[in-house]
Amino acid sequence: MKISIDPYIFQLEPQLKIGINHYTKFVTSESPQMLIGRMQLFQEHLFFDLEDKELSSVQGVKEWRELWKKFGSDPGRYRPSIEALLRRIRKQNYLSPVNSVIDLNTFFSLEYEIPVGIYDASNIQGNIQMAIGNADTSYIGLNGRDNRLDGILALVDQHGPFGSPYVDSKRTAVHEQTTEAYQFFFLRPSMEISEAKQMLAAAGKMFTQVNGGEFSSLLLNNNELES
């Protein structure tokens with residue numbers, strides 16, 4: 001499978017970086033108590049940190065809102081997923097455990113202040129390209145709605161779009177039978193390449209410690225447009 005980014009995106013943001021971890025032979029299960037407790041404590045700490053802070057001042061939210069505008073969308077109407085998560089936490093609407101894969105994906109998003117999506121590889125067909133969506137780019141999302149990705153980054157395979165830093169699709173959602181997945185880290189443009197590689201390795205190590213299996217990492221940027 002080839003993973004690539006439309007070069008036009010780098011005309012709008014030369015410093016864009018996308019990290020990908022490919023996981024194989026893992027087991028999706030109920031989250032261990034260690035992870036559940038850590039997630040709960042982390043969300044409580046975030047609540048107090050955000051209490052007197054504008055979300056737009058959080059670095060990850062700030063940079064992704066700026067990207068939204070560069071790509072042609074309205075961050076006030078269609079929020080990056082990291083901002084949506086933090087808004088929930090600021091209202092003390094904490095996220096409940098789902099499973100060991102989804103909960104870790106949420107943890108990484110909150111920890112690194114970026115949108116992170118994880119997709120069941122068995123439901124991805126052909127090569128993956130990242131491009132900016134248009135008025136015809138849409139899918140049924142995990143929120144149960146038809147989500148249009150006009151001016152929003154979209155992950156597309158031969159069957160159409162399946163993921164984005166906005167909301168993910170039902171088609172490629174991780175479930176209990178998932179044993180192979182691609183996890184996309186929509187990195188902050190300001191992050192250095194060396195830091196991004198260290199982050200991908202740390203996330204992959206934690207994921208396989210919890211779920212077993214193996215992982216490999218890939219970082220796409222202006223000098224590395226495809227795998």
# chains A, B, ... in the order shown; residues from 1 in each chain; ligands from 1

$ closest_atom_pairs --of "segment 72-147 of chain A" --to "segment 196-201 of chain A" --cutoff "12 Å" --atoms "only C-alpha atoms" --output "Markdown table"
| residue | atom | partner | partner_atom | distance |
| --- | --- | --- | --- | --- |
| A:Phe108 | CA | A:Met199 | CA | 9.7 |
| A:Ser109 | CA | A:Met199 | CA | 11.6 |
| A:Glu111 | CA | A:Met199 | CA | 10.5 |
| A:Tyr112 | CA | A:Met199 | CA | 8.6 |
| A:Ile114 | CA | A:Met199 | CA | 11.9 |
| A:Val116 | CA | A:Leu200 | CA | 11.5 |

$ select_by_dssp --residues "segment 8-194 of chain A" --states "helix (DSSP H, G or I)" --output "PyMOL selection string"
chain A and resi 8-12+33-50+55-57+59-71+81-90+100-112+121-123+193-194

$ closest_residue --among "A:Ser190, A:Asn147, A:Gln43, A:Ser217" --to "Ala202 of chain A" --atoms "only C-alpha atoms"
A:Ser217

$ closest_residue --among "A:Arg65, A:Lys53, A:Lys91, A:His175" --to "Arg79 of chain A" --atoms "only C-alpha atoms"
A:Arg65

$ select_by_dssp --residues "segment 13-225 of chain A" --states "strand (DSSP E or B)" --output "ChimeraX atom specification"
/A:18-24,116-120,128-132,138-141,146-148,153-157,160-163,169,181-186,214-221,224

$ residues_around --residues "segment 14-19 of chain A" --least-positions-apart "4" --cutoff "10 Å" --atoms "only C-alpha atoms" --output "PDB file with C-alpha atoms, in the first residue's frame"
ATOM      1  CA  ILE A   5       0.002  13.652   0.142  1.00  0.00           C
ATOM      2  CA  PRO A   7       1.666  18.343  -3.268  1.00  0.00           C
ATOM      3  CA  TYR A   8      -0.772  21.272  -3.466  1.00  0.00           C
ATOM      4  CA  ILE A   9      -1.208  21.064   0.313  1.00  0.00           C
ATOM      5  CA  PHE A  10       2.404  22.106   0.805  1.00  0.00           C
ATOM      6  CA  LEU A  67      -4.544  25.319   9.066  1.00  0.00           C
ATOM      7  CA  VAL A 116      -5.206  11.615  15.820  1.00  0.00           C
ATOM      8  CA  MET A 130      -4.341  12.855   1.649  1.00  0.00           C
ATOM      9  CA  GLN A 183      -2.900   5.526  12.961  1.00  0.00           C
ATOM     10  CA  PHE A 184      -2.525   9.041  11.537  1.00  0.00           C
ATOM     11  CA  PHE A 185      -1.008  11.808  13.661  1.00  0.00           C
ATOM     12  CA  PHE A 186      -1.975  15.216  12.240  1.00  0.00           C
ATOM     13  CA  LEU A 187       1.078  16.962  13.631  1.00  0.00           C
ATOM     14  CA  ARG A 188       1.524  20.617  14.475  1.00  0.00           C
ATOM     15  CA  PRO A 189       3.477  22.312  11.648  1.00  0.00           C
ATOM     16  CA  SER A 190       5.822  23.872  14.231  1.00  0.00           C
ATOM     17  CA  MET A 191       6.985  20.447  15.459  1.00  0.00           C
ATOM     18  CA  GLU A 192      10.525  19.565  14.419  1.00  0.00           C
ATOM     19  CA  ILE A 193      11.049  16.380  12.411  1.00  0.00           C
ATOM     20  CA  ALA A 196       7.919  14.056  15.528  1.00  0.00           C
ATOM     21  CA  LYS A 197       9.884  10.846  14.998  1.00  0.00           C
ATOM     22  CA  MET A 199       6.739  11.003  19.358  1.00  0.00           C
ATOM     23  CA  LEU A 200       5.740   8.341  16.818  1.00  0.00           C
ATOM     24  CA  SER A 217       6.460   4.382  11.645  1.00  0.00           C
ATOM     25  CA  LEU A 218       6.422   6.783   8.709  1.00  0.00           C
ATOM     26  CA  LEU A 219       6.695  10.567   8.587  1.00  0.00           C
ATOM     27  CA  LEU A 220       5.483  12.451   5.509  1.00  0.00           C
ATOM     28  CA  ASN A 221       6.466  16.071   4.913  1.00  0.00           C
ATOM     29  CA  ASN A 222       7.408  18.513   2.184  1.00  0.00           C
ATOM     30  CA  ASN A 223      10.539  16.499   1.358  1.00  0.00           C
ATOM     31  CA  GLU A 224       8.871  13.080   1.702  1.00  0.00           C
ATOM     32  CA  LEU A 225       5.517  13.150  -0.083  1.00  0.00           C
TER      33      LEU A 225
END

$ residues_around --residues "Tyr78 of chain A" --least-positions-apart "4" --cutoff "10 Å" --atoms "only C-alpha atoms" --output "PyMOL selection string"
chain A and resi 65+68+73-74+83-84+147-149+152+166-167

$ write_last_selection --atoms "C-alpha atoms" --output "short mmCIF file (atom, residue, chain, number, x, y, z; two decimals), in the first residue's frame"
data_model
loop_
_atom_site.label_atom_id
_atom_site.label_comp_id
_atom_site.auth_asym_id
_atom_site.auth_seq_id
_atom_site.Cartn_x
_atom_site.Cartn_y
_atom_site.Cartn_z
CA ARG A 65 -7.39 26.39 13.52
CA TRP A 68 -8.34 25.10 8.76
CA SER A 73 -12.74 25.87 6.03
CA ASP A 74 -14.26 27.70 8.99
CA GLU A 83 -10.60 21.20 19.94
CA ALA A 84 -13.84 19.19 20.14
CA ASN A 147 -20.01 14.93 7.27
CA ARG A 148 -18.86 17.15 4.41
CA LEU A 149 -15.13 17.83 4.22
CA ILE A 152 -10.74 19.98 5.26
CA TYR A 166 -12.30 16.57 11.83
CA VAL A 167 -14.28 13.35 12.42
#

$ closest_residue --among "A:Gly163, A:Gly37, A:Gly151, A:Gly60" --to "Ile118 of chain A" --atoms "only C-alpha atoms"
A:Gly163

$ closest_residue --among "A:Val174, A:Leu12, A:Ala135, A:Val101" --to "Thr208 of chain A" --atoms "only C-alpha atoms"
A:Val101

$ closest_residue --among "A:Arg77, A:His159, A:Arg145, A:His45" --to "Ile128 of chain A" --atoms "only C-alpha atoms"
A:His159

$ closest_residue --among "A:Thr106, A:Gln11, A:Ser56, A:Ser4" --to "Asn127 of chain A" --atoms "only C-alpha atoms"
A:Ser4

$ atom_distance --atom1 "atom CA of Gly72 of chain A" --atom2 "atom CA of Leu85 of chain A"
22.1 Å

$ atom_distance --atom1 "atom CA of Phe48 of chain A" --atom2 "atom CA of Arg87 of chain A"
12.6 Å

$ residues_around --residues "His22 of chain A" --least-positions-apart "4" --cutoff "6 Å" --atoms "only C-alpha atoms" --output "ChimeraX atom specification"
/A:181-182,215-216

$ write_last_selection --atoms "all heavy atoms" --output "compact mmCIF listing (two decimals), in the first residue's frame"
# COMPACT_ATOMS: atom_id res chain seq x y z
N ALA A 181 -4.09 -1.91 11.86
CA ALA A 181 -4.63 -0.56 11.75
C ALA A 181 -3.55 0.44 11.35
O ALA A 181 -2.35 0.21 11.57
CB ALA A 181 -5.25 -0.13 13.08
N TYR A 182 -4.01 1.54 10.75
CA TYR A 182 -3.15 2.69 10.46
C TYR A 182 -3.58 3.84 11.35
O TYR A 182 -4.76 4.21 11.38
CB TYR A 182 -3.27 3.10 8.99
CG TYR A 182 -2.62 2.12 8.04
CD1 TYR A 182 -3.36 1.09 7.46
CD2 TYR A 182 -1.27 2.23 7.71
CE1 TYR A 182 -2.77 0.19 6.59
CE2 TYR A 182 -0.67 1.34 6.83
CZ TYR A 182 -1.43 0.32 6.28
OH TYR A 182 -0.84 -0.57 5.42
N PHE A 215 4.80 -2.66 15.29
CA PHE A 215 4.49 -1.40 14.60
C PHE A 215 5.68 -0.92 13.80
O PHE A 215 6.83 -1.26 14.07
CB PHE A 215 4.05 -0.32 15.61
CG PHE A 215 5.19 0.36 16.33
CD1 PHE A 215 5.70 1.57 15.87
CD2 PHE A 215 5.74 -0.20 17.47
CE1 PHE A 215 6.75 2.20 16.53
CE2 PHE A 215 6.77 0.42 18.15
CZ PHE A 215 7.28 1.64 17.68
N SER A 216 5.37 -0.12 12.80
CA SER A 216 6.38 0.61 12.03
C SER A 216 5.89 2.03 11.84
O SER A 216 4.68 2.28 11.82
CB SER A 216 6.64 -0.06 10.67
OG SER A 216 5.45 -0.10 9.90
